[in-house]
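Participant: Would you mind keeping the following structure in view while I ask a few things?
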Amino acid sequence: MNKPIGLIYGSDTGMTEEITHNIVDEWSVGEIEVIEVSSASVSDFEKFDVLILGLSTWYDGDLQSDWESYYDEFKTIDFTGKTVAIFGLGDQYGYGEFFIDGVGMLAEVVLENGGNIIGYWSTEGYDFTESKAEIEGKNLFYGLAIDEDNQPELTQDRVKEWLVQLEKELSPVLSS
């Protein structure tokens, strides 16, 4: 595949940025172009057929600040024909009723605007009350859930496993 994958993320404390660099380092199929959502435009989303979106969820289910600022514009993007994977950071114990809500909020827009989501992730191994990122009745999140506050020792393996899953799910898209 000649066309790079777009990885668009926002980070307040640097943790999401760290995970972003980890993803880029571990990725083995093609090239990833990284863009911070604080400097993103609609055309940045439009130029990629495959996107990875990254963010954290803050407080009572708030989007990371740069995603929060960009959210109204994000809702106008046409995702028809695009394949999107999402990863999110959250605190399952401190904010268990809002765990990685940002993933669900972005996924909802992508789906409403014609996109295809890949990289669903099992809810197994997490202890949370509820999440907008959880697909009802499926025991799956719309994307990778990372809890650096309570399970940092699991992050590296989760990222690697998710990337293997993405590469498998993307193989038909990447080879076309």
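Chain identifiers are assigned as A, B, and so on, following the order in which chains appear in the structure tokens; residues are numbered from 1 within each chain, and ligands are numbered from 1 in order of appearance.
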Can you list, as a ChimeraX atom specification, every protein, DNA or RNA residue that comes within 10 Å of Asp60 (chain A) when you count only C-alpha atoms, leaving out same-chain residues fewer than 2 positions away?
Facilitator: /A:57-58,62-63,94-99,101
Participant: Please provide as a ChimeraX atom specification all residues within 7 Å of Gly115 (chain A), with the sequence filter that same-chain residues fewer than 6 positions apart are discarded (counting only C-alpha atoms).
Facilitator: /A:79-84
Participant: Can you write just those residues out, all heavy atoms, as a JSON list (two decimals), in the first residue's frame?
Facilitator:
```
[["chain", "number", "residue", "atom", "x", "y", "z"],
["A", 79, "PHE", "N", -17.23, 10.31, 6.37],
["A", 79, "PHE", "CA", -16.35, 9.15, 6.53],
["A", 79, "PHE", "C", -16.69, 8.01, 5.56],
["A", 79, "PHE", "O", -16.17, 6.91, 5.68],
["A", 79, "PHE", "CB", -16.41, 8.63, 7.98],
["A", 79, "PHE", "CG", -15.66, 9.51, 8.94],
["A", 79, "PHE", "CD1", -16.34, 10.46, 9.70],
["A", 79, "PHE", "CD2", -14.29, 9.40, 9.08],
["A", 79, "PHE", "CE1", -15.65, 11.28, 10.58],
["A", 79, "PHE", "CE2", -13.60, 10.21, 9.96],
["A", 79, "PHE", "CZ", -14.28, 11.15, 10.72],
["A", 80, "THR", "N", -17.55, 8.29, 4.58],
["A", 80, "THR", "CA", -17.92, 7.27, 3.60],
["A", 80, "THR", "C", -16.67, 6.70, 2.94],
["A", 80, "THR", "O", -15.82, 7.45, 2.47],
["A", 80, "THR", "CB", -18.87, 7.86, 2.54],
["A", 80, "THR", "OG1", -19.99, 8.44, 3.20],
["A", 80, "THR", "CG2", -19.34, 6.79, 1.57],
["A", 81, "GLY", "N", -16.56, 5.38, 2.93],
["A", 81, "GLY", "CA", -15.43, 4.71, 2.31],
["A", 81, "GLY", "C", -14.17, 4.70, 3.16],
["A", 81, "GLY", "O", -13.13, 4.21, 2.72],
["A", 82, "LYS", "N", -14.25, 5.22, 4.37],
["A", 82, "LYS", "CA", -13.07, 5.26, 5.24],
["A", 82, "LYS", "C", -13.14, 4.17, 6.30],
["A", 82, "LYS", "O", -14.21, 3.83, 6.78],
["A", 82, "LYS", "CB", -12.94, 6.63, 5.92],
["A", 82, "LYS", "CG", -12.75, 7.74, 4.89],
["A", 82, "LYS", "CD", -12.28, 9.00, 5.50],
["A", 82, "LYS", "CE", -12.12, 10.08, 4.47],
["A", 82, "LYS", "NZ", -11.18, 9.80, 3.41],
["A", 83, "THR", "N", -11.98, 3.64, 6.63],
["A", 83, "THR", "CA", -11.85, 2.64, 7.69],
["A", 83, "THR", "C", -11.16, 3.32, 8.86],
["A", 83, "THR", "O", -10.11, 3.93, 8.70],
["A", 83, "THR", "CB", -11.01, 1.44, 7.18],
["A", 83, "THR", "OG1", -11.67, 0.90, 6.02],
["A", 83, "THR", "CG2", -10.90, 0.38, 8.24],
["A", 84, "VAL", "N", -11.78, 3.21, 10.04],
["A", 84, "VAL", "CA", -11.32, 3.96, 11.21],
["A", 84, "VAL", "C", -11.15, 3.02, 12.40],
["A", 84, "VAL", "O", -12.01, 2.20, 12.70],
["A", 84, "VAL", "CB", -12.33, 5.08, 11.57],
["A", 84, "VAL", "CG1", -11.85, 5.87, 12.78],
["A", 84, "VAL", "CG2", -12.57, 6.00, 10.38]]
```
Participant: My list of candidates is A:Asp157, A:Glu108, A:Asp44, A:Asp72. Which is closest to Leu144 (chain A) when distances are computed with only C-alpha atoms?
Facilitator: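 Using only C-alpha atoms, the shortest distance to Leu144 (chain A) belongs to A:Asp157.
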Participant: CA of Leu89 (chain A) to CA of Val37 (chain A): how many Å, to one decimal?
Facilitator: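 That distance, rounded to one decimal, is 15.7 Å.
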Participant: Just list as a PyMOL selection string whatever in chain A DSSP marks as helix (DSSP H, G or I).
Facilitator: chain A and resi 15-26+37-39+42-46+65-74+101-112+152-174
Participant: Tell me which of A:Gly10, A:Gly54, A:Gly125, A:Gly114 sits closest to Ile23 (chain A), counting only C-alpha atoms.
Facilitator: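 Going through A:Gly10, A:Gly54, A:Gly125, A:Gly114 one by one, the smallest distance to Ile23 (chain A) is for A:Gly54.
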Participant: Using the chain letters and numbers from this document, which residues of chain A does DSSP assign to strand (DSSP E or B), as a ChimeraX atom specification?
Facilitator: /A:5-9,32-36,50-58,62-63,83-89,116-117,121-122,134-135,140-141,144-146
Participant: Next, the residues of the selection above should be written as a short mmCIF file (atom, residue, chain, number, x, y, z; two decimals), in the first residue's frame with N, CA, C and O atoms.
Facilitator:
```cif
data_model
loop_
_atom_site.label_atom_id
_atom_site.label_comp_id
_atom_site.auth_asym_id
_atom_site.auth_seq_id
_atom_site.Cartn_x
_atom_site.Cartn_y
_atom_site.Cartn_z
N ILE A 5 -1.38 5.73 6.45
CA ILE A 5 -2.52 5.75 7.37
C ILE A 5 -2.39 7.03 8.18
O ILE A 5 -1.28 7.43 8.56
N GLY A 6 -3.50 7.68 8.43
CA GLY A 6 -3.48 8.89 9.24
C GLY A 6 -3.75 8.55 10.69
O GLY A 6 -4.73 7.88 10.99
N LEU A 7 -2.89 8.99 11.59
CA LEU A 7 -3.12 8.82 13.02
C LEU A 7 -3.30 10.21 13.61
O LEU A 7 -2.35 11.00 13.64
N ILE A 8 -4.52 10.51 14.00
CA ILE A 8 -4.85 11.84 14.52
C ILE A 8 -5.19 11.69 15.99
O ILE A 8 -6.05 10.88 16.37
N TYR A 9 -4.48 12.44 16.83
CA TYR A 9 -4.65 12.27 18.27
C TYR A 9 -4.64 13.62 18.99
O TYR A 9 -4.19 14.63 18.45
N ILE A 32 2.67 5.45 8.69
CA ILE A 32 1.67 6.20 9.45
C ILE A 32 2.08 7.67 9.48
O ILE A 32 3.23 7.98 9.81
N GLU A 33 1.15 8.54 9.13
CA GLU A 33 1.38 9.98 9.24
C GLU A 33 0.65 10.47 10.49
O GLU A 33 -0.56 10.27 10.62
N VAL A 34 1.38 11.09 11.41
CA VAL A 34 0.82 11.52 12.69
C VAL A 34 0.46 13.01 12.63
O VAL A 34 1.27 13.84 12.20
N ILE A 35 -0.75 13.32 13.09
CA ILE A 35 -1.22 14.71 13.12
C ILE A 35 -1.88 14.95 14.48
O ILE A 35 -2.70 14.14 14.93
N GLU A 36 -1.53 16.05 15.12
CA GLU A 36 -2.22 16.41 16.36
C GLU A 36 -3.54 17.07 15.98
O GLU A 36 -3.59 17.92 15.09
N VAL A 50 -7.62 5.25 5.54
CA VAL A 50 -7.56 4.55 6.82
C VAL A 50 -7.06 5.54 7.86
O VAL A 50 -6.06 6.22 7.67
N LEU A 51 -7.81 5.61 8.97
CA LEU A 51 -7.47 6.53 10.06
C LEU A 51 -7.41 5.78 11.38
O LEU A 51 -8.20 4.85 11.62
N ILE A 52 -6.49 6.20 12.23
CA ILE A 52 -6.48 5.77 13.63
C ILE A 52 -6.65 7.05 14.43
O ILE A 52 -5.93 8.03 14.22
N LEU A 53 -7.63 7.06 15.33
CA LEU A 53 -7.90 8.23 16.15
C LEU A 53 -7.57 7.90 17.60
O LEU A 53 -7.90 6.81 18.08
N GLY A 54 -6.92 8.83 18.29
CA GLY A 54 -6.54 8.60 19.67
C GLY A 54 -6.89 9.77 20.57
O GLY A 54 -6.73 10.93 20.18
N LEU A 55 -7.38 9.44 21.76
CA LEU A 55 -7.76 10.49 22.72
C LEU A 55 -7.90 9.91 24.11
O LEU A 55 -7.95 8.69 24.30
N SER A 56 -8.00 10.80 25.07
CA SER A 56 -8.30 10.40 26.44
C SER A 56 -9.69 10.97 26.78
O SER A 56 -10.19 11.86 26.10
N THR A 57 -10.26 10.40 27.82
CA THR A 57 -11.53 10.91 28.33
C THR A 57 -11.24 11.55 29.68
O THR A 57 -10.53 10.98 30.50
N TRP A 58 -11.79 12.72 29.90
CA TRP A 58 -11.52 13.48 31.11
C TRP A 58 -12.77 13.60 31.96
O TRP A 58 -13.89 13.71 31.44
N ASP A 62 -15.79 13.83 29.50
CA ASP A 62 -15.43 14.91 28.58
C ASP A 62 -14.36 14.43 27.60
O ASP A 62 -13.46 13.67 27.97
N LEU A 63 -14.44 14.93 26.37
CA LEU A 63 -13.39 14.66 25.39
C LEU A 63 -12.11 15.38 25.81
O LEU A 63 -12.16 16.42 26.48
N THR A 83 -11.98 3.64 6.63
CA THR A 83 -11.85 2.64 7.69
C THR A 83 -11.16 3.32 8.86
O THR A 83 -10.11 3.93 8.70
N VAL A 84 -11.78 3.21 10.04
CA VAL A 84 -11.32 3.96 11.21
C VAL A 84 -11.15 3.02 12.40
O VAL A 84 -12.01 2.20 12.70
N ALA A 85 -10.03 3.18 13.09
CA ALA A 85 -9.77 2.49 14.36
C ALA A 85 -9.56 3.57 15.41
O ALA A 85 -9.04 4.65 15.11
N ILE A 86 -9.98 3.30 16.64
CA ILE A 86 -9.91 4.30 17.71
C ILE A 86 -9.28 3.68 18.95
O ILE A 86 -9.60 2.55 19.31
N PHE A 87 -8.40 4.43 19.59
CA PHE A 87 -7.90 4.01 20.90
C PHE A 87 -8.15 5.14 21.89
O PHE A 87 -8.15 6.32 21.52
N GLY A 88 -8.40 4.75 23.14
CA GLY A 88 -8.70 5.75 24.15
C GLY A 88 -8.11 5.41 25.49
O GLY A 88 -7.97 4.25 25.85
N LEU A 89 -7.76 6.46 26.22
CA LEU A 89 -7.25 6.31 27.57
C LEU A 89 -8.30 6.79 28.55
O LEU A 89 -9.02 7.76 28.28
N ASN A 116 -16.51 3.02 8.46
CA ASN A 116 -16.44 1.64 8.91
C ASN A 116 -15.43 1.57 10.06
O ASN A 116 -14.29 2.01 9.89
N ILE A 117 -15.84 1.05 11.20
CA ILE A 117 -14.94 0.96 12.35
C ILE A 117 -14.38 -0.45 12.46
O ILE A 117 -15.11 -1.43 12.34
N TRP A 121 -12.58 -4.03 20.68
CA TRP A 121 -11.73 -4.56 21.75
C TRP A 121 -12.60 -5.11 22.88
O TRP A 121 -13.56 -4.47 23.27
N SER A 122 -12.24 -6.26 23.40
CA SER A 122 -13.02 -6.91 24.46
C SER A 122 -13.05 -6.06 25.73
O SER A 122 -12.04 -5.45 26.11
N GLU A 134 -18.75 1.24 24.89
CA GLU A 134 -19.16 -0.16 24.87
C GLU A 134 -20.30 -0.37 23.88
O GLU A 134 -21.28 0.37 23.87
N ILE A 135 -20.16 -1.39 23.05
CA ILE A 135 -21.20 -1.74 22.09
C ILE A 135 -22.23 -2.57 22.84
O ILE A 135 -21.90 -3.63 23.38
N LEU A 140 -17.91 -5.64 23.98
CA LEU A 140 -16.83 -5.07 23.17
C LEU A 140 -16.86 -3.54 23.28
O LEU A 140 -17.92 -2.94 23.40
N PHE A 141 -15.66 -2.96 23.20
CA PHE A 141 -15.53 -1.52 23.04
C PHE A 141 -15.37 -1.24 21.54
O PHE A 141 -14.90 -2.10 20.79
N LEU A 144 -9.59 0.24 21.24
CA LEU A 144 -8.69 -0.16 22.30
C LEU A 144 -8.86 0.72 23.53
O LEU A 144 -8.83 1.95 23.44
N ALA A 145 -9.00 0.07 24.69
CA ALA A 145 -9.11 0.77 25.97
C ALA A 145 -7.80 0.65 26.73
O ALA A 145 -7.30 -0.46 26.94
N ILE A 146 -7.25 1.79 27.13
CA ILE A 146 -6.00 1.81 27.88
C ILE A 146 -6.24 2.55 29.20
O ILE A 146 -6.82 3.63 29.20
#
```
Participant: Quick one: residues within 7 Å of Gly104 (chain A), only C-alpha atoms counted, chain neighbours fewer than 5 positions away excluded, as a list of chain:residue names?
Facilitator: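 So the residues in contact are A:Lys132, A:Ala133, A:Tyr142.
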Participant: Take the selection from the previous step and output its residues with C-alpha atoms, as a PDB file, in the first residue's frame.
Facilitator:
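again-v8.pdb, written as the output of this step:
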```
ATOM      1  CA  LYS A 132     -20.261   5.169  25.732  1.00  0.00           C
ATOM      2  CA  ALA A 133     -17.479   3.152  24.067  1.00  0.00           C
ATOM      3  CA  TYR A 142     -15.465   0.400  19.729  1.00  0.00           C
TER       4      TYR A 142
END
```
Participant: Any idea what the distance is between CA of Val42 (chain A) and CA of Met15 (chain A)?
Facilitator: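 Calculated distance between CA of Val42 (chain A) and CA of Met15 (chain A) is 24.7 Å.
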Participant: Can you pull out the residues contacting Leu163 (chain A)? Cut-off 9 Å, using only C-alpha atoms, and skip same-chain residues under 6 positions away; I want them as a PyMOL selection string.
Facilitator: chain A and resi 23+26-28+119
Participant: Just N, CA, C and O atoms for this one: save the residues we selected as a PDB file, in the first residue's frame.
Facilitator:
```pdb
ATOM      1  N   ILE A  23       2.487   3.164  19.041  1.00  0.00           N
ATOM      2  CA  ILE A  23       1.781   2.580  17.890  1.00  0.00           C
ATOM      3  C   ILE A  23       2.628   2.721  16.619  1.00  0.00           C
ATOM      4  O   ILE A  23       2.803   1.769  15.870  1.00  0.00           O
ATOM      5  N   GLU A  26       5.558   0.325  16.678  1.00  0.00           N
ATOM      6  CA  GLU A  26       5.190  -1.091  16.579  1.00  0.00           C
ATOM      7  C   GLU A  26       4.535  -1.448  15.241  1.00  0.00           C
ATOM      8  O   GLU A  26       4.420  -2.619  14.901  1.00  0.00           O
ATOM      9  N   TRP A  27       4.060  -0.447  14.505  1.00  0.00           N
ATOM     10  CA  TRP A  27       3.311  -0.693  13.268  1.00  0.00           C
ATOM     11  C   TRP A  27       4.236  -1.277  12.205  1.00  0.00           C
ATOM     12  O   TRP A  27       5.340  -0.786  11.990  1.00  0.00           O
ATOM     13  N   SER A  28       3.779  -2.307  11.508  1.00  0.00           N
ATOM     14  CA  SER A  28       4.683  -2.967  10.556  1.00  0.00           C
ATOM     15  C   SER A  28       4.150  -3.030   9.125  1.00  0.00           C
ATOM     16  O   SER A  28       4.796  -3.595   8.261  1.00  0.00           O
ATOM     17  N   GLY A 119     -11.141  -2.781  14.778  1.00  0.00           N
ATOM     18  CA  GLY A 119     -10.360  -2.731  16.008  1.00  0.00           C
ATOM     19  C   GLY A 119     -11.189  -2.793  17.265  1.00  0.00           C
ATOM     20  O   GLY A 119     -10.765  -2.307  18.311  1.00  0.00           O
TER      21      GLY A 119
END
```
Participant: Quick one: residues within 10 Å of Thr13 (chain A), only C-alpha atoms counted, chain neighbours fewer than 4 positions away excluded, as a VMD selection string?
Facilitator: chain A and resid 17 to 18 56 64
Participant: Create the file for the chosen residues now, containing all heavy atoms and written as an mmCIF file, in the first residue's frame.
Facilitator:
```
data_model
loop_
_atom_site.group_PDB
_atom_site.id
_atom_site.type_symbol
_atom_site.label_atom_id
_atom_site.label_comp_id
_atom_site.auth_asym_id
_atom_site.auth_seq_id
_atom_site.Cartn_x
_atom_site.Cartn_y
_atom_site.Cartn_z
ATOM 1 N N GLU A 17 -0.043 10.897 23.646
ATOM 2 C CA GLU A 17 1.065 11.101 22.712
ATOM 3 C C GLU A 17 2.065 9.943 22.815
ATOM 4 O O GLU A 17 2.564 9.445 21.803
ATOM 5 C CB GLU A 17 1.760 12.427 23.011
ATOM 6 C CG GLU A 17 2.884 12.727 22.047
ATOM 7 C CD GLU A 17 3.494 14.105 22.263
ATOM 8 O OE1 GLU A 17 3.258 14.732 23.321
ATOM 9 O OE2 GLU A 17 4.208 14.560 21.355
ATOM 10 N N GLU A 18 2.332 9.505 24.040
ATOM 11 C CA GLU A 18 3.253 8.381 24.244
ATOM 12 C C GLU A 18 2.714 7.103 23.583
ATOM 13 O O GLU A 18 3.449 6.376 22.918
ATOM 14 C CB GLU A 18 3.445 8.157 25.755
ATOM 15 C CG GLU A 18 4.679 7.384 26.093
ATOM 16 C CD GLU A 18 4.932 7.380 27.593
ATOM 17 O OE1 GLU A 18 5.170 8.468 28.167
ATOM 18 O OE2 GLU A 18 4.886 6.282 28.174
ATOM 19 N N SER A 56 -7.998 10.802 25.070
ATOM 20 C CA SER A 56 -8.303 10.405 26.437
ATOM 21 C C SER A 56 -9.685 10.966 26.780
ATOM 22 O O SER A 56 -10.190 11.859 26.102
ATOM 23 C CB SER A 56 -7.249 10.963 27.398
ATOM 24 O OG SER A 56 -7.086 12.361 27.199
ATOM 25 N N GLN A 64 -10.981 14.835 25.390
ATOM 26 C CA GLN A 64 -9.700 15.518 25.590
ATOM 27 C C GLN A 64 -9.839 16.931 25.014
ATOM 28 O O GLN A 64 -10.567 17.136 24.047
ATOM 29 C CB GLN A 64 -8.613 14.686 24.885
ATOM 30 C CG GLN A 64 -7.212 15.235 25.008
ATOM 31 C CD GLN A 64 -6.869 16.220 23.924
ATOM 32 O OE1 GLN A 64 -7.468 16.237 22.849
ATOM 33 N NE2 GLN A 64 -5.902 17.071 24.197
#
```
Participant: Could you please determine the separation between CA of Gly61 (chain A) and CA of Met105 (chain A) in Å, to one decimal place?
Facilitator: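 Computing the Euclidean distance for CA of Gly61 (chain A) and CA of Met105 (chain A) yields 9.4 Å.
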Participant: Contacts of Ser41 (chain A) at 10 Å or less, counting only C-alpha atoms, minus same-chain residues fewer than 2 places along, as a list in words?
Facilitator: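 So, after excluding close chain neighbours, the residues are Ile35, Val37, Ser38, Ser39, Ser43, Asp44, Phe45, Glu46, Tyr70, Glu73, Phe74 and Ile77 of chain A.
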